[in-house]
$ cat upload_16.cif   # mmCIF, C-alpha atoms
data_final
loop_
_atom_site.group_PDB
_atom_site.id
_atom_site.type_symbol
_atom_site.label_atom_id
_atom_site.label_comp_id
_atom_site.auth_asym_id
_atom_site.auth_seq_id
_atom_site.Cartn_x
_atom_site.Cartn_y
_atom_site.Cartn_z
ATOM 1 C CA ASN A 2 12.050 -44.171 -44.329
ATOM 2 C CA ALA A 3 12.788 -46.919 -46.865
ATOM 3 C CA GLU A 4 13.493 -49.332 -44.050
ATOM 4 C CA TYR A 5 10.154 -48.454 -42.454
ATOM 5 C CA MET A 6 8.489 -49.612 -45.652
ATOM 6 C CA GLY A 7 10.332 -52.831 -45.119
ATOM 7 C CA GLY A 8 8.726 -53.119 -41.736
ATOM 8 C CA ASP A 9 11.536 -52.320 -39.260
ATOM 9 C CA PRO A 10 9.553 -51.828 -35.999
ATOM 10 C CA ARG A 11 12.235 -49.569 -34.471
ATOM 11 C CA ILE A 12 11.813 -46.965 -37.216
ATOM 12 C CA LYS A 13 8.061 -47.144 -36.914
ATOM 13 C CA MET A 14 8.328 -46.590 -33.155
ATOM 14 C CA HIS A 15 10.776 -43.675 -33.695
ATOM 15 C CA THR A 16 8.418 -42.060 -36.225
ATOM 16 C CA GLU A 17 5.482 -42.367 -33.805
ATOM 17 C CA ARG A 18 7.536 -40.789 -31.002
ATOM 18 C CA ARG A 19 8.428 -37.847 -33.264
ATOM 19 C CA LYS A 20 4.748 -37.351 -34.104
ATOM 20 C CA GLN A 21 3.817 -37.466 -30.421
ATOM 21 C CA LYS A 22 6.632 -35.069 -29.554
ATOM 22 C CA ALA A 23 5.505 -32.651 -32.293
ATOM 23 C CA PHE A 24 1.934 -32.779 -30.961
ATOM 24 C CA SER A 25 3.162 -32.412 -27.398
ATOM 25 C CA THR A 26 5.358 -29.449 -28.346
ATOM 26 C CA SER A 27 2.494 -27.602 -30.033
ATOM 27 C CA SER A 28 0.249 -28.418 -27.078
ATOM 28 C CA ASP A 29 2.957 -27.166 -24.676
ATOM 29 C CA GLU A 30 3.352 -23.987 -26.727
ATOM 30 C CA HIS A 31 -0.404 -23.404 -26.574
ATOM 31 C CA PHE A 32 -0.349 -24.010 -22.815
ATOM 32 C CA CYS A 33 2.630 -21.648 -22.407
ATOM 33 C CA GLU A 34 0.925 -18.937 -24.481
ATOM 34 C CA ARG A 35 -2.287 -19.243 -22.461
ATOM 35 C CA HIS A 36 -0.294 -19.300 -19.220
ATOM 36 C CA ARG A 37 1.544 -16.129 -20.318
ATOM 37 C CA GLU A 38 -1.780 -14.392 -21.109
ATOM 38 C CA VAL A 39 -3.199 -15.339 -17.709
ATOM 39 C CA LEU A 40 -0.063 -14.079 -15.943
ATOM 40 C CA GLU A 41 -0.121 -10.800 -17.887
ATOM 41 C CA ALA A 42 -3.795 -10.255 -17.020
ATOM 42 C CA ALA A 43 -3.067 -10.955 -13.349
ATOM 43 C CA ALA A 44 -0.105 -8.559 -13.403
ATOM 44 C CA THR A 45 -2.246 -5.822 -14.974
ATOM 45 C CA GLN A 46 -4.929 -6.357 -12.346
ATOM 46 C CA ALA A 47 -2.323 -6.267 -9.556
ATOM 47 C CA LYS A 48 -0.849 -3.012 -10.911
ATOM 48 C CA ARG A 49 -4.306 -1.440 -11.015
ATOM 49 C CA ARG A 50 -5.018 -2.612 -7.466
ATOM 50 C CA ASP A 51 -1.606 -1.403 -6.268
ATOM 51 C CA SER A 52 -2.193 1.937 -7.972
ATOM 52 C CA GLU A 53 -5.492 2.329 -6.140
ATOM 53 C CA MET A 54 -3.860 1.422 -2.833
ATOM 54 C CA THR A 55 -0.768 3.562 -3.359
ATOM 55 C CA PRO A 56 -0.767 6.335 -0.801
ATOM 56 C CA VAL A 57 -1.084 9.882 -2.066
ATOM 57 C CA GLU A 58 0.176 12.654 0.162
ATOM 58 C CA VAL A 59 -2.444 15.380 0.459
ATOM 59 C CA GLN A 60 -1.105 18.701 1.768
ATOM 60 C CA PHE A 61 -3.784 21.006 3.140
ATOM 61 C CA SER A 62 -3.191 24.723 3.580
ATOM 62 C CA ILE A 63 -5.702 27.402 4.518
ATOM 63 C CA GLN A 64 -5.389 31.021 5.552
ATOM 64 C CA TYR A 65 -7.616 31.910 8.494
ATOM 65 C CA ASP A 66 -7.242 34.454 11.300
ATOM 66 C CA THR A 67 -7.695 32.707 14.623
ATOM 67 C CA LYS A 68 -7.504 33.736 18.243
ATOM 68 C CA PHE A 69 -5.263 32.225 20.868
ATOM 69 C CA GLY A 70 -6.532 28.712 21.770
ATOM 70 C CA GLU A 71 -8.312 28.131 18.466
ATOM 71 C CA ASN A 72 -7.189 25.424 16.035
ATOM 72 C CA ILE A 73 -8.102 24.471 12.495
ATOM 73 C CA TYR A 74 -8.824 20.843 11.595
ATOM 74 C CA VAL A 75 -9.672 19.106 8.347
ATOM 75 C CA SER A 76 -12.535 16.662 8.758
ATOM 76 C CA GLY A 77 -14.069 14.534 6.064
ATOM 77 C CA SER A 78 -15.691 11.404 4.759
ATOM 78 C CA CYS A 79 -12.749 8.985 5.083
ATOM 79 C CA GLU A 80 -11.251 7.351 8.152
ATOM 80 C CA GLU A 81 -8.012 9.363 7.942
ATOM 81 C CA LEU A 82 -10.051 12.579 8.188
ATOM 82 C CA GLY A 83 -12.177 11.357 11.087
ATOM 83 C CA ARG A 84 -15.371 10.384 9.243
ATOM 84 C CA TRP A 85 -16.876 13.845 9.923
ATOM 85 C CA ASP A 86 -15.924 13.841 13.607
ATOM 86 C CA PRO A 87 -14.133 17.209 13.782
ATOM 87 C CA ARG A 88 -11.844 16.325 16.687
ATOM 88 C CA ALA A 89 -10.820 13.068 14.976
ATOM 89 C CA GLY A 90 -9.778 14.907 11.811
ATOM 90 C CA VAL A 91 -6.307 16.192 10.946
ATOM 91 C CA LYS A 92 -5.169 19.034 13.193
ATOM 92 C CA LEU A 93 -3.347 21.642 11.135
ATOM 93 C CA SER A 94 -0.300 23.569 12.354
ATOM 94 C CA TRP A 95 -0.219 27.349 12.553
ATOM 95 C CA GLN A 96 2.446 29.246 10.613
ATOM 96 C CA GLU A 97 3.313 32.924 10.262
ATOM 97 C CA GLY A 98 0.660 34.835 8.334
ATOM 98 C CA ASN A 99 -2.190 32.807 9.871
ATOM 99 C CA ILE A 100 -1.573 29.936 7.502
ATOM 100 C CA TRP A 101 -2.720 26.584 8.807
ATOM 101 C CA SER A 102 -1.211 23.524 7.130
ATOM 102 C CA GLY A 103 -0.809 19.799 7.483
ATOM 103 C CA SER A 104 -0.680 16.643 5.439
ATOM 104 C CA VAL A 105 -2.132 13.171 5.427
ATOM 105 C CA ASN A 106 -1.547 10.054 3.327
ATOM 106 C CA LEU A 107 -4.689 8.759 1.662
ATOM 107 C CA HIS A 108 -5.211 5.809 -0.647
ATOM 108 C CA ARG A 109 -5.933 6.888 -4.224
ATOM 109 C CA SER A 110 -9.150 4.833 -4.180
ATOM 110 C CA ALA A 111 -10.407 6.835 -1.158
ATOM 111 C CA ILE A 112 -9.641 10.178 -2.782
ATOM 112 C CA SER A 113 -11.966 9.701 -5.736
ATOM 113 C CA CYS A 114 -15.051 10.091 -3.539
ATOM 114 C CA LEU A 115 -13.547 12.080 -0.660
ATOM 115 C CA GLU A 116 -15.385 15.090 0.741
ATOM 116 C CA TYR A 117 -14.039 17.351 3.468
ATOM 117 C CA LYS A 118 -14.342 20.699 5.249
ATOM 118 C CA TYR A 119 -12.260 22.858 7.541
ATOM 119 C CA VAL A 120 -13.384 23.221 11.145
ATOM 120 C CA LEU A 121 -12.433 25.824 13.752
ATOM 121 C CA ILE A 122 -12.165 24.161 17.144
ATOM 122 C CA SER A 123 -11.800 25.936 20.451
ATOM 123 C CA SER A 124 -11.923 24.450 23.926
ATOM 124 C CA LEU A 125 -14.446 27.165 24.865
ATOM 125 C CA SER A 126 -17.089 26.632 22.169
ATOM 126 C CA THR A 127 -18.638 24.107 19.827
ATOM 127 C CA PRO A 128 -16.805 23.392 16.546
ATOM 128 C CA LEU A 129 -17.408 25.969 13.826
ATOM 129 C CA TRP A 130 -17.670 24.383 10.389
ATOM 130 C CA GLU A 131 -16.949 26.562 7.394
ATOM 131 C CA ALA A 132 -20.178 27.672 5.706
ATOM 132 C CA CYS A 133 -19.441 26.499 2.139
ATOM 133 C CA GLY A 134 -20.513 23.141 0.743
ATOM 134 C CA ASN A 135 -18.393 20.035 1.110
ATOM 135 C CA ARG A 136 -15.087 20.231 -0.717
ATOM 136 C CA ARG A 137 -13.711 17.552 -3.049
ATOM 137 C CA LEU A 138 -10.100 16.842 -3.924
ATOM 138 C CA PRO A 139 -8.826 17.399 -7.456
ATOM 139 C CA VAL A 140 -7.301 14.002 -8.222
ATOM 140 C CA LYS A 141 -4.741 13.338 -10.917
ATOM 141 C CA ARG A 142 -2.090 10.662 -11.322
ATOM 142 C CA CYS A 143 0.515 12.320 -9.120
ATOM 143 C CA PRO A 144 2.124 11.360 -5.804
ATOM 144 C CA THR A 145 1.181 14.616 -4.039
ATOM 145 C CA VAL A 146 -1.933 16.776 -4.060
ATOM 146 C CA ILE A 147 -1.561 20.311 -2.705
ATOM 147 C CA VAL A 148 -4.734 22.031 -1.576
ATOM 148 C CA SER A 149 -4.271 25.753 -0.884
ATOM 149 C CA GLU A 150 -7.533 27.361 0.166
ATOM 150 C CA SER A 151 -9.295 30.209 1.912
ATOM 151 C CA TRP A 152 -12.073 29.793 4.452
ATOM 152 C CA ASN A 153 -15.361 29.285 2.546
ATOM 153 C CA GLN A 154 -13.595 29.778 -0.831
ATOM 154 C CA PRO A 155 -11.931 26.656 -2.265
ATOM 155 C CA VAL A 156 -9.066 27.098 -4.727
ATOM 156 C CA CYS A 157 -7.107 23.903 -5.460
ATOM 157 C CA LYS A 158 -4.092 22.903 -7.515
ATOM 158 C CA ASN A 159 -2.214 19.641 -8.129
ATOM 159 C CA ALA A 160 1.533 19.296 -7.597
#
$ encode --input "upload_16.cif" --output "C-alpha cells"
Amino acid sequence: NAEYMGGDPRIKMHTERRKQKAFSTSSDEHFCERHREVLEAAATQAKRRDSEMTPVEVQFSIQYDTKFGENIYVSGSCEELGRWDPRAGVKLSWQEGNIWSGSVNLHRSAISCLEYKYVLISSLSTPLWEACGNRRLPVKRCPTVIVSESWNQPVCKNA
C-alpha cells in the first residue's frame, strides 16, 4: 500500500478491483440466499400440491343381504363415484357372508369434501338408496382409508 501512496496506478487499479469483487461477492451471496429462499418456498408449495394430488386408496365394505340379481354400488359427490349417478358409481363385489366390497383411488383434495351413499341396484327396479344421511370419509394422512359399514349405520376406521 506504500507504493499506492506513491501513485502507482497498477496498485490503485488492483485495489479498486478488490473492492468491486468484495461488493460483487456480497451481492452474489444476497442473490444466492434470496434464490435459495424462493426455491425452498416453491418446493414446499409443490410438496403440498403433490400431497393433495396423491391418490388415496379408499376400501369400501358393507354387509347387506341381497337377492340374486341385486348389486351394491357406492355413489357420491366426486367423479370417481359417479357424481350421484348410482349406475356410474363403484360396483362392489359380493363375498361370503353378504359382504360387499371394492376400492377406488381418490385424490386427497377430493376426499376432504366427499359425500357418498350405498345404493342397491337391481335390473328389475329403481335404485334403492340407503335411508341415512350422506356419509363422509374420515380423512387422515395415510395412504389407505378403510370404510367398514352397515346399511344405514356408518362405522368407519382409518388404516
$ resolve_selection --input "upload_16.cif" --expression "the PyMOL selection byres ((chain A and resi 98-103) around 9)" --output "mmCIF file with C-alpha atoms, in the frame of the given file"
data_model
loop_
_atom_site.group_PDB
_atom_site.id
_atom_site.type_symbol
_atom_site.label_atom_id
_atom_site.label_comp_id
_atom_site.auth_asym_id
_atom_site.auth_seq_id
_atom_site.Cartn_x
_atom_site.Cartn_y
_atom_site.Cartn_z
ATOM 1 C CA VAL A 59 -2.444 15.380 0.459
ATOM 2 C CA GLN A 60 -1.105 18.701 1.768
ATOM 3 C CA PHE A 61 -3.784 21.006 3.140
ATOM 4 C CA SER A 62 -3.191 24.723 3.580
ATOM 5 C CA ILE A 63 -5.702 27.402 4.518
ATOM 6 C CA GLN A 64 -5.389 31.021 5.552
ATOM 7 C CA TYR A 65 -7.616 31.910 8.494
ATOM 8 C CA ASP A 66 -7.242 34.454 11.300
ATOM 9 C CA THR A 67 -7.695 32.707 14.623
ATOM 10 C CA ASN A 72 -7.189 25.424 16.035
ATOM 11 C CA ILE A 73 -8.102 24.471 12.495
ATOM 12 C CA TYR A 74 -8.824 20.843 11.595
ATOM 13 C CA VAL A 75 -9.672 19.106 8.347
ATOM 14 C CA VAL A 91 -6.307 16.192 10.946
ATOM 15 C CA LYS A 92 -5.169 19.034 13.193
ATOM 16 C CA LEU A 93 -3.347 21.642 11.135
ATOM 17 C CA SER A 94 -0.300 23.569 12.354
ATOM 18 C CA TRP A 95 -0.219 27.349 12.553
ATOM 19 C CA GLN A 96 2.446 29.246 10.613
ATOM 20 C CA GLU A 97 3.313 32.924 10.262
ATOM 21 C CA SER A 104 -0.680 16.643 5.439
ATOM 22 C CA VAL A 105 -2.132 13.171 5.427
ATOM 23 C CA SER A 149 -4.271 25.753 -0.884
#
$ closest_residue --input "upload_16.cif" --among "A:Asn106, A:Ser113, A:Ser126, A:Asn153" --to "Glu58 in chain A" --atoms "all atoms listed in the file"
A:Asn106
$ resolve_selection --input "upload_16.cif" --expression "the PyMOL selection byres ((chain A and resi 128) around 10)" --output "CSV table (one decimal) with C-alpha atoms, keeping the file's coordinate frame"
chain,number,residue,atom,x,y,z
A,71,GLU,CA,-8.3,28.1,18.5
A,72,ASN,CA,-7.2,25.4,16.0
A,73,ILE,CA,-8.1,24.5,12.5
A,74,TYR,CA,-8.8,20.8,11.6
A,87,PRO,CA,-14.1,17.2,13.8
A,88,ARG,CA,-11.8,16.3,16.7
A,120,VAL,CA,-13.4,23.2,11.1
A,121,LEU,CA,-12.4,25.8,13.8
A,122,ILE,CA,-12.2,24.2,17.1
A,123,SER,CA,-11.8,25.9,20.5
A,124,SER,CA,-11.9,24.4,23.9
A,125,LEU,CA,-14.4,27.2,24.9
A,126,SER,CA,-17.1,26.6,22.2
A,127,THR,CA,-18.6,24.1,19.8
A,129,LEU,CA,-17.4,26.0,13.8
A,130,TRP,CA,-17.7,24.4,10.4
A,131,GLU,CA,-16.9,26.6,7.4
$ residues_near_point --input "upload_16.cif" --point "(-11.5, 14.0, 7.3)" --cutoff "9 Å" --atoms "only C-alpha atoms" --output "PyMOL selection string"
chain A and resi 74-87+89-91+115-119
$ atom_distance --input "upload_16.cif" --atom1 "CA of Ile147 in chain A" --atom2 "CA of Pro56 in chain A"
14.1 Å
$ closest_residue --input "upload_16.cif" --among "A:Ala42, A:Cys33, A:Leu138, A:Val146" --to "Cys114 in chain A" --atoms "all atoms listed in the file"
A:Leu138
$ build_atoms --input "upload_16.cif" --residues "range 94-109 of chain A" --atoms "N, CA, C and O atoms" --output "PDB file, keeping the file's coordinate frame"
ATOM      1  N   SER A  94      -1.280  22.794  11.577  1.00  0.00           N
ATOM      2  CA  SER A  94      -0.300  23.569  12.354  1.00  0.00           C
ATOM      3  C   SER A  94      -0.306  25.019  11.887  1.00  0.00           C
ATOM      4  O   SER A  94      -0.346  25.299  10.684  1.00  0.00           O
ATOM      5  N   TRP A  95      -0.230  25.925  12.856  1.00  0.00           N
ATOM      6  CA  TRP A  95      -0.219  27.349  12.553  1.00  0.00           C
ATOM      7  C   TRP A  95       1.160  27.776  12.080  1.00  0.00           C
ATOM      8  O   TRP A  95       2.178  27.323  12.614  1.00  0.00           O
ATOM      9  N   GLN A  96       1.196  28.657  11.094  1.00  0.00           N
ATOM     10  CA  GLN A  96       2.446  29.246  10.613  1.00  0.00           C
ATOM     11  C   GLN A  96       2.253  30.749  10.481  1.00  0.00           C
ATOM     12  O   GLN A  96       1.120  31.244  10.412  1.00  0.00           O
ATOM     13  N   GLU A  97       3.341  31.468  10.427  1.00  0.00           N
ATOM     14  CA  GLU A  97       3.313  32.924  10.262  1.00  0.00           C
ATOM     15  C   GLU A  97       2.376  33.316   9.125  1.00  0.00           C
ATOM     16  O   GLU A  97       2.337  32.662   8.088  1.00  0.00           O
ATOM     17  N   GLY A  98       1.608  34.374   9.338  1.00  0.00           N
ATOM     18  CA  GLY A  98       0.660  34.835   8.334  1.00  0.00           C
ATOM     19  C   GLY A  98      -0.700  34.176   8.480  1.00  0.00           C
ATOM     20  O   GLY A  98      -1.527  34.251   7.574  1.00  0.00           O
ATOM     21  N   ASN A  99      -0.934  33.523   9.612  1.00  0.00           N
ATOM     22  CA  ASN A  99      -2.190  32.807   9.871  1.00  0.00           C
ATOM     23  C   ASN A  99      -2.489  31.745   8.826  1.00  0.00           C
ATOM     24  O   ASN A  99      -3.613  31.568   8.379  1.00  0.00           O
ATOM     25  N   ILE A 100      -1.440  31.057   8.422  1.00  0.00           N
ATOM     26  CA  ILE A 100      -1.573  29.936   7.502  1.00  0.00           C
ATOM     27  C   ILE A 100      -1.594  28.661   8.339  1.00  0.00           C
ATOM     28  O   ILE A 100      -0.712  28.433   9.174  1.00  0.00           O
ATOM     29  N   TRP A 101      -2.592  27.870   8.129  1.00  0.00           N
ATOM     30  CA  TRP A 101      -2.720  26.584   8.807  1.00  0.00           C
ATOM     31  C   TRP A 101      -2.442  25.492   7.786  1.00  0.00           C
ATOM     32  O   TRP A 101      -3.034  25.485   6.710  1.00  0.00           O
ATOM     33  N   SER A 102      -1.541  24.561   8.110  1.00  0.00           N
ATOM     34  CA  SER A 102      -1.211  23.524   7.130  1.00  0.00           C
ATOM     35  C   SER A 102      -0.939  22.186   7.810  1.00  0.00           C
ATOM     36  O   SER A 102      -0.612  22.118   8.993  1.00  0.00           O
ATOM     37  N   GLY A 103      -1.075  21.157   7.031  1.00  0.00           N
ATOM     38  CA  GLY A 103      -0.809  19.799   7.483  1.00  0.00           C
ATOM     39  C   GLY A 103      -0.976  18.850   6.316  1.00  0.00           C
ATOM     40  O   GLY A 103      -1.474  19.223   5.253  1.00  0.00           O
ATOM     41  N   SER A 104      -0.549  17.625   6.521  1.00  0.00           N
ATOM     42  CA  SER A 104      -0.680  16.643   5.439  1.00  0.00           C
ATOM     43  C   SER A 104      -1.141  15.304   5.993  1.00  0.00           C
ATOM     44  O   SER A 104      -1.027  15.027   7.180  1.00  0.00           O
ATOM     45  N   VAL A 105      -1.650  14.503   5.088  1.00  0.00           N
ATOM     46  CA  VAL A 105      -2.132  13.171   5.427  1.00  0.00           C
ATOM     47  C   VAL A 105      -1.940  12.287   4.197  1.00  0.00           C
ATOM     48  O   VAL A 105      -2.018  12.769   3.072  1.00  0.00           O
ATOM     49  N   ASN A 106      -1.647  11.023   4.419  1.00  0.00           N
ATOM     50  CA  ASN A 106      -1.547  10.054   3.327  1.00  0.00           C
ATOM     51  C   ASN A 106      -2.890   9.355   3.178  1.00  0.00           C
ATOM     52  O   ASN A 106      -3.417   8.810   4.141  1.00  0.00           O
ATOM     53  N   LEU A 107      -3.415   9.400   1.965  1.00  0.00           N
ATOM     54  CA  LEU A 107      -4.689   8.759   1.662  1.00  0.00           C
ATOM     55  C   LEU A 107      -4.494   7.800   0.499  1.00  0.00           C
ATOM     56  O   LEU A 107      -3.668   8.050  -0.376  1.00  0.00           O
ATOM     57  N   HIS A 108      -5.261   6.728   0.489  1.00  0.00           N
ATOM     58  CA  HIS A 108      -5.211   5.809  -0.647  1.00  0.00           C
ATOM     59  C   HIS A 108      -5.930   6.452  -1.820  1.00  0.00           C
ATOM     60  O   HIS A 108      -6.964   7.098  -1.659  1.00  0.00           O
ATOM     61  N   ARG A 109      -5.371   6.285  -3.013  1.00  0.00           N
ATOM     62  CA  ARG A 109      -5.933   6.888  -4.224  1.00  0.00           C
ATOM     63  C   ARG A 109      -7.408   6.504  -4.389  1.00  0.00           C
ATOM     64  O   ARG A 109      -8.221   7.313  -4.808  1.00  0.00           O
TER      65      ARG A 109
END
